[in-house]
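Okay, so here's the structure we're looking at.
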There are 2 protein chains.
Amino acid sequence: MDHSESKHFRAAVTVDNVVFGFDGKQLKVLLIYRGAEPFKDRWALPGDFVPLDENLNQSAIHVLRSLTGLENIYMEQVHAFGDVNRHPFGRVYTIAYYALIKVEDYQVQASSWAEEAAWFPINEVPELPFDHVEIMEFAKQQLRNKIRTQPIGFELLPKHFTLTQIQELYEAVLERKFDTRNFRKKLLSMNLISETGYRQTDVSHRPAMLYKYDTKRYNRFLERGFSFDI
Amino acid sequence: MDHSESKHFRAAVTVDNVVFGFDGKQLKVLLIYRGAEPFKDRWALPGDFVPLDENLNQSAIHVLRSLTGLENIYMEQVHAFGDVNRHPFGRVYTIAYYALIKVEDYQVQASSWAEEAAWFPINEVPELPFDHVEIMEFAKQQLRNKIRTQPIGFELLPKHFTLTQIQELYEAVLERKFDTRNFRKKLLSMNLISETGYRQTDVSHRPAMLYKYDTKRYNRFLERGFSFDI
DNA sequence: CCAAAAGTGTTTAAATTACACCCATGG
DNA sequence: CCATGGGTGTAATTTAAACACTTTTGG
């Protein structure tokens with residue numbers, strides 16, 4: 001008996017990606033201009049159907065690359081959305097993923113049925129189709145929870161970074177300011193990062209020390225979680 | 001054009017529920033004895049296909065009731081699992097949910113295609129089919145994360161409870177002991193619970209004060225999250 | 001009066017907060 | 001020499017941790 005013909009095998013599954021980008025100042029989100037139905041000619045989260053022969057997690061990565069050109073991005077699952085009428089074409093579930101990347105490290109290039117791909121400041125996104133507003137809110141909340149309990153943020157900075165860069169990242173994501181001294185004290189006391197010995201060059205002020213992070217300690221923290229209550 | 005006939009609408013979606021039960025001493029998980037293929041005659045998480053006309057979250061509740069008789073249980077989504085070969089019948093995604101309930105408050109009764117439904121101590125579960133081991137681990141981890149950042153646990157105790165009951169719950173979930181004095185100090189300082197004025201009766205030792213929780217403050221905490229680092 | 005669990009305070013250590021000025025570079 | 005962001009320390013407060021005995025009830 002071919003179970004694929006049974007009454008249950010009539011659903012479709014998509015992935016929707018919430019790619020947050022940090023440009024050194026503010027938090028942005030990557031949207032595409034849809035060149036296909038439904039909701040053609042609308043800005044939306046980059047998402048597409050999951051092929052039947054592709055694993056879910058893999059598909060999120062592929063869909064993102066296909067629509068926006070972004071590659072080698074670590075994405076984390078957020079939540080599954082499955083209301084009956086969330087998609088006009090039928091019963092379409094979506095699994096949302098999110099990532100946080102450094103805007104200037106990646107080249108965004110719309111392709112496939114995406115006509116454009118562009119960054120929007122997190123507080124200035126256009127009206128979104130489907131349940132994409134809800135999805136974005138979920139992802140934003142998860143990003144905030146994550147950044148407070150996991151040492152996220154290092155992997156998305158350049159290999160060598162300044163303490164100010166990390167602080168600005170945390171401030172952008174959590175939408176609050178930190179005291180520089182206390183922030184550095186806390187960050188350094190975790191021994192997750194160490195000086196490279198190099199400094200910034202060509203800046204018209206005192207050049208900042210460049211740091212790198214300690215992969216081993218970092219992974220240990222990832223497993224156990226930590227508390228970034230500052 | 002009937003999009004439901006398109007190549008993408010050939011997937012099925014199930015929900016799998018990880019119901020943790022607390023019996024006052026240890027943490028258990030609810031399994032069913034499968035009376036249907038695949039994996040007939042095996043213990044497994046209570047899960048089933050989501051009907052095409054039912055919302056995902058609703059379905060988790062219905063499936064649980066249908067298989068185990070459990071009603072009025074608050075369930076939270078854990079994660080979506082979607083590897084290509086996770087199900088022998090075809091492309092079947094599953095969305096995992098979890099709940100934490102008090103064992104003695106509910107009557108478990110297998111029905112539908114479940115032949116039995118029973119509680120297993122969390123460290124003595126039989127071999128599980130599908131990717132149910134992975135799902136359970138995910139749920140366990142999420143429960144632990146949750147209990148440390150949200151005041152979970154009150155809603156699953158009786159309306160009036162003793163401080164010792166809460167402490168035992170935390171100890172069971174987090175698998176560690178707490179100092180009674182410090183635990184109480186911390187819990188009471190949050191002002192989430194208050195004395196009812198009543199005490200235990202018919203216990204052959206000093207009767208404990210019964211507490212209730214303050215729904216308003218509780219909800220405020222739920223929104224903001226909190227840190228239960230003790 | 002015995003058993004069993006409830007209940008309670010203090011001291012020490014650690015973590016967090018608040019806060020203001022000098023430093024190094026490019027132009 | 002000016003503008004710019006980098007960089008640093010200490011004191012006060014808050015929070016967490018360790019730790020042992022008395023109380024109340026039923027039997």
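Just remember, in the structure tokens the first chain shown is A, the second B, etc., residues are 1-based per chain, and ligands are 1-based in the order shown.
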
message: Using only C-alpha atoms (C1' of nucleotides), I'd like every residue of chain B that has an atom within 8 Å of chain D; please write them out as a PyMOL selection string.
response: chain B and resi 202-207+230

Resulting file, chosen residues, all heavy atoms, as a PDB file, in the first residue's frame:
ATOM      1  N   ASP B 202      -4.492  16.226  58.415  1.00  0.00           N
ATOM      2  CA  ASP B 202      -4.300  14.769  58.417  1.00  0.00           C
ATOM      3  C   ASP B 202      -2.922  14.327  57.967  1.00  0.00           C
ATOM      4  O   ASP B 202      -2.785  13.313  57.292  1.00  0.00           O
ATOM      5  CB  ASP B 202      -5.356  14.085  57.527  1.00  0.00           C
ATOM      6  CG  ASP B 202      -6.752  14.346  58.044  1.00  0.00           C
ATOM      7  OD1 ASP B 202      -6.953  14.251  59.266  1.00  0.00           O
ATOM      8  OD2 ASP B 202      -7.632  14.674  57.225  1.00  0.00           O
ATOM      9  N   VAL B 203      -1.923  15.108  58.290  1.00  0.00           N
ATOM     10  CA  VAL B 203      -0.572  14.621  58.051  1.00  0.00           C
ATOM     11  C   VAL B 203       0.062  14.364  59.406  1.00  0.00           C
ATOM     12  O   VAL B 203      -0.219  15.073  60.369  1.00  0.00           O
ATOM     13  CB  VAL B 203       0.283  15.636  57.249  1.00  0.00           C
ATOM     14  CG1 VAL B 203      -0.175  15.704  55.812  1.00  0.00           C
ATOM     15  CG2 VAL B 203       0.247  17.014  57.904  1.00  0.00           C
ATOM     16  N   SER B 204       0.850  13.334  59.470  1.00  0.00           N
ATOM     17  CA  SER B 204       1.401  12.931  60.759  1.00  0.00           C
ATOM     18  C   SER B 204       2.694  13.662  61.059  1.00  0.00           C
ATOM     19  O   SER B 204       3.695  13.079  61.450  1.00  0.00           O
ATOM     20  CB  SER B 204       1.637  11.423  60.787  1.00  0.00           C
ATOM     21  OG  SER B 204       2.720  11.109  59.962  1.00  0.00           O
ATOM     22  N   HIS B 205       2.684  14.914  60.774  1.00  0.00           N
ATOM     23  CA  HIS B 205       3.819  15.772  61.110  1.00  0.00           C
ATOM     24  C   HIS B 205       3.291  17.188  61.099  1.00  0.00           C
ATOM     25  O   HIS B 205       2.111  17.422  60.784  1.00  0.00           O
ATOM     26  CB  HIS B 205       4.949  15.589  60.110  1.00  0.00           C
ATOM     27  CG  HIS B 205       4.548  15.807  58.685  1.00  0.00           C
ATOM     28  ND1 HIS B 205       4.357  17.050  58.144  1.00  0.00           N
ATOM     29  CD2 HIS B 205       4.258  14.926  57.697  1.00  0.00           C
ATOM     30  CE1 HIS B 205       4.000  16.930  56.880  1.00  0.00           C
ATOM     31  NE2 HIS B 205       3.921  15.648  56.593  1.00  0.00           N
ATOM     32  N   ARG B 206       4.120  18.095  61.402  1.00  0.00           N
ATOM     33  CA  ARG B 206       3.675  19.494  61.401  1.00  0.00           C
ATOM     34  C   ARG B 206       3.062  19.837  60.040  1.00  0.00           C
ATOM     35  O   ARG B 206       3.692  19.655  58.996  1.00  0.00           O
ATOM     36  CB  ARG B 206       4.886  20.385  61.656  1.00  0.00           C
ATOM     37  CG  ARG B 206       4.557  21.858  61.540  1.00  0.00           C
ATOM     38  CD  ARG B 206       5.718  22.667  62.036  1.00  0.00           C
ATOM     39  NE  ARG B 206       5.513  24.059  61.846  1.00  0.00           N
ATOM     40  CZ  ARG B 206       6.358  24.983  62.260  1.00  0.00           C
ATOM     41  NH1 ARG B 206       7.474  24.617  62.881  1.00  0.00           N
ATOM     42  NH2 ARG B 206       6.114  26.249  62.070  1.00  0.00           N
ATOM     43  N   PRO B 207       1.834  20.336  60.013  1.00  0.00           N
ATOM     44  CA  PRO B 207       1.162  20.594  58.739  1.00  0.00           C
ATOM     45  C   PRO B 207       1.750  21.840  58.061  1.00  0.00           C
ATOM     46  O   PRO B 207       2.008  22.843  58.716  1.00  0.00           O
ATOM     47  CB  PRO B 207      -0.285  20.830  59.142  1.00  0.00           C
ATOM     48  CG  PRO B 207      -0.225  21.316  60.541  1.00  0.00           C
ATOM     49  CD  PRO B 207       0.971  20.656  61.168  1.00  0.00           C
ATOM     50  N   ILE B 230      19.157  29.492  41.271  1.00  0.00           N
ATOM     51  CA  ILE B 230      19.297  29.272  42.707  1.00  0.00           C
ATOM     52  C   ILE B 230      20.275  28.142  42.913  1.00  0.00           C
ATOM     53  O   ILE B 230      20.472  27.325  42.033  1.00  0.00           O
ATOM     54  CB  ILE B 230      17.920  28.971  43.347  1.00  0.00           C
ATOM     55  CG1 ILE B 230      18.011  29.040  44.859  1.00  0.00           C
ATOM     56  CG2 ILE B 230      17.382  27.656  42.873  1.00  0.00           C
ATOM     57  CD1 ILE B 230      16.674  29.096  45.516  1.00  0.00           C
TER      58      ILE B 230
END

task: Select all residues from chain B having any atom no more than 8 Å from an atom of chain A (counting only C-alpha atoms, ignoring ligands), output as a ChimeraX atom specification.
output: /B:2-4,8-13,49-57,77-84,89-91,95

- prompt: Could you list, as an MDAnalysis selection string, every residue of chain B that has an atom within 12 Å of an atom of chain C, counting only C-alpha atoms (C1' of nucleotides)?
  reply: chainID B and resid 162:165 180:182 184:185 199:200 203:210

Could you please take those selected residues and save C-alpha atoms as a short mmCIF file (atom, residue, chain, number, x, y, z; two decimals), in the first residue's frame?
data_model
loop_
_atom_site.label_atom_id
_atom_site.label_comp_id
_atom_site.auth_asym_id
_atom_site.auth_seq_id
_atom_site.Cartn_x
_atom_site.Cartn_y
_atom_site.Cartn_z
CA THR B 162 3.07 23.68 49.90
CA LEU B 163 6.51 25.11 49.38
CA THR B 164 7.95 21.64 49.65
CA GLN B 165 5.85 20.54 46.69
CA THR B 180 15.31 24.53 51.77
CA ARG B 181 15.94 27.87 53.38
CA ASN B 182 17.46 29.46 50.32
CA ARG B 184 12.00 29.42 50.12
CA LYS B 185 13.70 32.75 50.54
CA ARG B 199 -2.77 24.37 56.34
CA GLN B 200 -2.45 20.75 55.47
CA VAL B 203 -0.57 14.62 58.05
CA SER B 204 1.40 12.93 60.76
CA HIS B 205 3.82 15.77 61.11
CA ARG B 206 3.67 19.49 61.40
CA PRO B 207 1.16 20.59 58.74
CA ALA B 208 2.55 22.81 56.02
CA MET B 209 1.16 26.20 55.11
CA LEU B 210 -0.77 26.12 51.86
#

message: Give me the residues near Lys102 of chain B as a ChimeraX atom specification, where near means some atom within 7 Å (using only C-alpha atoms (C1' of nucleotides)) and where sequence neighbours in that chain fewer than 5 positions away do not count.
response: /B:21-23,156-157

File of the preceding selection, N, CA and C atoms, as a short mmCIF file (atom, residue, chain, number, x, y, z; two decimals), in the first residue's frame:
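Done, and the output landed in selection.cif:
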data_model
loop_
_atom_site.label_atom_id
_atom_site.label_comp_id
_atom_site.auth_asym_id
_atom_site.auth_seq_id
_atom_site.Cartn_x
_atom_site.Cartn_y
_atom_site.Cartn_z
N GLY B 21 5.21 14.05 33.65
CA GLY B 21 4.33 13.98 34.80
C GLY B 21 5.15 14.01 36.07
N PHE B 22 4.66 14.74 37.03
CA PHE B 22 5.33 14.81 38.31
C PHE B 22 4.43 14.16 39.34
N ASP B 23 4.96 13.19 40.05
CA ASP B 23 4.11 12.46 41.00
C ASP B 23 4.45 12.82 42.44
N LEU B 156 0.84 23.78 37.40
CA LEU B 156 0.63 22.34 37.36
C LEU B 156 0.60 21.74 38.75
N LEU B 157 0.63 22.57 39.74
CA LEU B 157 0.39 22.08 41.09
C LEU B 157 -1.07 22.34 41.41
#

query: Could you write out, as a PyMOL selection string, all the residues of segment 8-209 of chain A that DSSP marks as helix (DSSP H, G or I)?
result: chain A and resi 56-68+103-105+132-149+163-174+180-189

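Picture a line from atom CA of Lys140 of chain B to atom CA of Phe138 of chain A; it runs 21.3 Å.
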
- prompt: Counting only C-alpha atoms (C1' of nucleotides), what is within 10 Å of Thr196 of chain B, bar same-chain residues fewer than 6 positions away, as a ChimeraX atom specification?
  reply: /B:160-161,209-213

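The gap separating atom CA of Lys28 of chain B from atom CA of Ile122 of chain B is 4.8 Å, in Å to one decimal.
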
message: Could you list, as a ChimeraX atom specification, every residue within 10 Å of Leu100 of chain A, counting only C-alpha atoms (C1' of nucleotides) and ignoring same-chain residues fewer than 2 positions away?
response: /A:18-22,27-29,73-76,98,102-103,143,152-153,155-157,173

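In this structure, atom CA of Lys216 of chain B sits 10.5 Å away from atom CA of Ile193 of chain B.
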
query: Running DSSP on the backbone, which parts of segment 7-213 of chain A land in strand (DSSP E or B), as a ChimeraX atom specification?
result: /A:11-22,27-34,43-44,47-49,76-81,92-102,114-121,161,193-199,209-213
